[in-house]
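*Asks:* Could you have a look at this structure, given as structure tokens, before my questions?
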Amino acid sequence: MTTPEVQYGLLAPMLIVFSVAVLGVLVEAFVPLRARRITHVGLALAGLVAALAAILGLAGTEASAMSGAVAIDGPTLFLQGTIVLVSIPAIALLAERTVAVTGAGAERRIDSFTPQASTTPGSVAEKEAIDAGVAQTEVFPLAMFAIGGMLLFPASTDLLTMFVALEVLSLPLYLLCGLARRRRLLSQEAALKYFLLGAFSSAFFLFGVAFLYGYAGTVRLDGIADAIAVDGQGRSLALIGTALLAVGLLFKVGAVPFHSWIPDVYQGAPTPVTALMATVTKVAAFGAILRIFGVALPGLESSWRPMLWVVAIATMVLGSVVAVTQTDVKRMLAYSSVAHTGFILTGVTALGDVGDSGVSATMFYLLAYAFSTLGGFAIIGLARDERGEVSDLERWAGIGRRSPLVAAVFGLFLLSFAGIPLTSGFIGKFAVFSAASGAGGAALVVVGVVCSAIAAFFYVRVIVLMFFTDPGERTATIVRPTASVSCAIGVSVVVTVALGVFPQPVLDLAARAGNFL
């Protein structure tokens with residue numbers, strides 16, 4: 001047996017993030033309570049910046065590590081860079097502490113998380129924990145473990161490593177979803193639903209791995225591709241394995257019919273956690289989808305492409321239509337996220353026929369969507385009353401007249417989601433639709449354009465509600481954002497506008513990074 005070699009330089013971004021997560025556990029054990037939060041935040045941000053520097057240092061590298069289990073190539077580095085770039089403002093949202101206003105309009109500095117997760121919602125023990133100023137600072141190492149798993153997920157070149165990465169990124173998120181300070185029961189219900197459905201999807205993924213291993217005799221993606229290329233007819237096991245594998249991956253991105261957890265979890269989870277899940281988790285999951293279908297399964301393209309067509313169409317239609325009926329802003333953005341998953345899948349369907357345009361278009365869309373979504377949820381977290389965060393749509397009436405700047409920024413993100421020109425959303429949709437059209441998916445593009453028009457209705461409806469409706473007694477108060485939240489929103493605005501007005505440098509970068517090892 002050959003002793004495996006660990007290429008620390010190639011694995012540096014992931015090792016840095018996992019090291020910070022482990023250090024975060026030690027901080028929980030040894031650092032005094034008063035200093036834990038600032039220690040966690042500084043450690044997490046420093047680790048992410050160091051990981052970004054390591055990714056930039058690997059630019060142009062094409063190599064494998066850990067005996068071929070991890071690939072460092074263009075898609076890996078682009079997606080890892082996106083994950084780290086979005087995670088930095090996401091950590092800033094986790095650290096935000098001004099989340100409520102008193103009846104007189106004064107702000108109370110508390111965070112979005114329950115002070116003690118082990119207490120029963122509404123119990124005396126919970127009230128005592130609040131009065132004592134207890135803080136659930138474990139959220140920071142949990143988030144770093146999840147981010148580390150996300151960095152490994154799209155870089156994995158064998159299915160077992162990918163499964164381990166899937167569990168590492170998922171398990172912390174199950175916990176984080178149940179820690180909301182307000183609506184604790186709803187938050188716990190969301191976490192339980194996410195955990196149960198996630199466990200089922202992971203079982204499907206592992207079952208698919210077993211079928212593909214039984215077919216190819218290996219879990220390496222290139223080995224599976226070689227077995228499919230040699231085998232001309234007996235592909236039943238491979239097709240079954242592909243279908244089961246797709247269930248686990250499509251669940252993670254929230255595609256129809258595996259989307260049922262999305263609205264409940266997005267609504268019930270603390271808003272900073274929702275922002276984290278809606279952005280970097282989707283980037284990592286789509287990165288894994290691109291690698292599996294682009295590296296392991298190109299020989300089965302005639303079988304999986306029609307399946308992705310059907311899923312993409314169903315996802316776009318259901319997400320766009322159901323979003324129109326929502327009366328909660330977070331649930332509306334949840335179904336919007338489902339619709340965007342369908343749009344991104346149109347880019348995935350272009351794999352194989354038009355060079356690397358499907359890969360590059362999908363990666364650009366993920367970058368553009370991630371920053372707009374992060375900024376959107378950051379704005380939602382600023383609408384408060386005396387009890388905490390407010391997401392009922394009717395309570396957003398007239399917010400544009402009371403807080404015009406915040407409402408204008410939120411309107412910008414909504415227009416980007418709708419794909420209005422001069423925003424990153426328009427360029428992202430144009431890229432994936434162009435790739436799909438070039439791969440013979442003109443019908444898919446037509447459905448996408450129609451669904452984009454439907455989606456524009458409910459985005460514009462929110463803008464009209466904010467600016468052209470008189471504020472009432474129940475209109476939410478927009479609290480003054482802290483410096484960390486202001487930075488997160490500001491970065492999201494800059495990226496949304498820059499990618500809409502000057503997209504070509506990033507499009508070129510995505511095109512150069514579109515080749516798998």
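In the structure tokens, chains take letters A, B, ... by order of appearance, with residues numbered from 1 within each chain and ligands from 1 in the order shown.
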Write out as a PyMOL selection string which residues come within 6 Å of region 183-194 of chain A when counting only C-alpha atoms, dropping same-chain ones fewer than 4 positions away.
*Replies:* chain A and resi 121+174+177-178+198+261+264-265+268-269
*Asks:* Find the spatial neighbours of Ala44 (chain A), counting only C-alpha atoms, within a cut-off of 10 Å - ignore same-chain residues fewer than 3 positions away - and output them as a ChimeraX atom specification.
*Replies:* /A:17,20-21,23-24,38-41,47-50,87-88,91-92,140-141,143-144
*Asks:* So that I can see what lies close to region 401-411 of chain A, please list as a list in words the residues with an atom at most 9 Å from it, counting only C-alpha atoms and leaving out residues fewer than 4 positions away in the same chain.
*Replies:*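 Contacts, with the query itself left out: Gly375, Gly376, Ile379, Ile380, Leu382, Leu415, Ser416, Tyr459, Val460, Val462, Ile463, Met466, Phe467, Phe468, Thr469, Asp470, Pro471, Thr477, Ile478, Ile489 and Val493 of chain A.
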*Asks:* Report the distance between CA of Ala90 (chain A) and CA of Ala35 (chain A) in Å, rounded to one decimal place.
*Replies:*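 Going from CA of Ala90 (chain A) over to CA of Ala35 (chain A) covers 20.7 Å.
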*Asks:* Rank nothing, just name the residue among A:Ala155, A:Ala511, A:Leu393, A:Val273 nearest to Ser360 (chain A), using only C-alpha atoms.
*Replies:*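 Smallest separation from Ser360 (chain A) among the options: A:Ala511.
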*Asks:* Fewer than 3 positions away in the same chain doesn't count, so skip those; otherwise give me all residues within 8 Å of Leu58 (chain A), counting only C-alpha atoms, as a ChimeraX atom specification.
*Replies:* /A:10,54-55,61,77
*Asks:* Now that the selection is made, can you save its residues with C-alpha atoms as a short mmCIF file (atom, residue, chain, number, x, y, z; two decimals), in the first residue's frame?
*Replies:*
data_model
loop_
_atom_site.label_atom_id
_atom_site.label_comp_id
_atom_site.auth_asym_id
_atom_site.auth_seq_id
_atom_site.Cartn_x
_atom_site.Cartn_y
_atom_site.Cartn_z
CA LEU A 10 -2.74 22.92 -2.84
CA ALA A 54 -4.24 31.23 -0.73
CA ILE A 55 -6.79 30.85 -3.54
CA THR A 61 -2.84 25.87 -11.05
CA LEU A 77 -10.59 28.01 -7.68
#
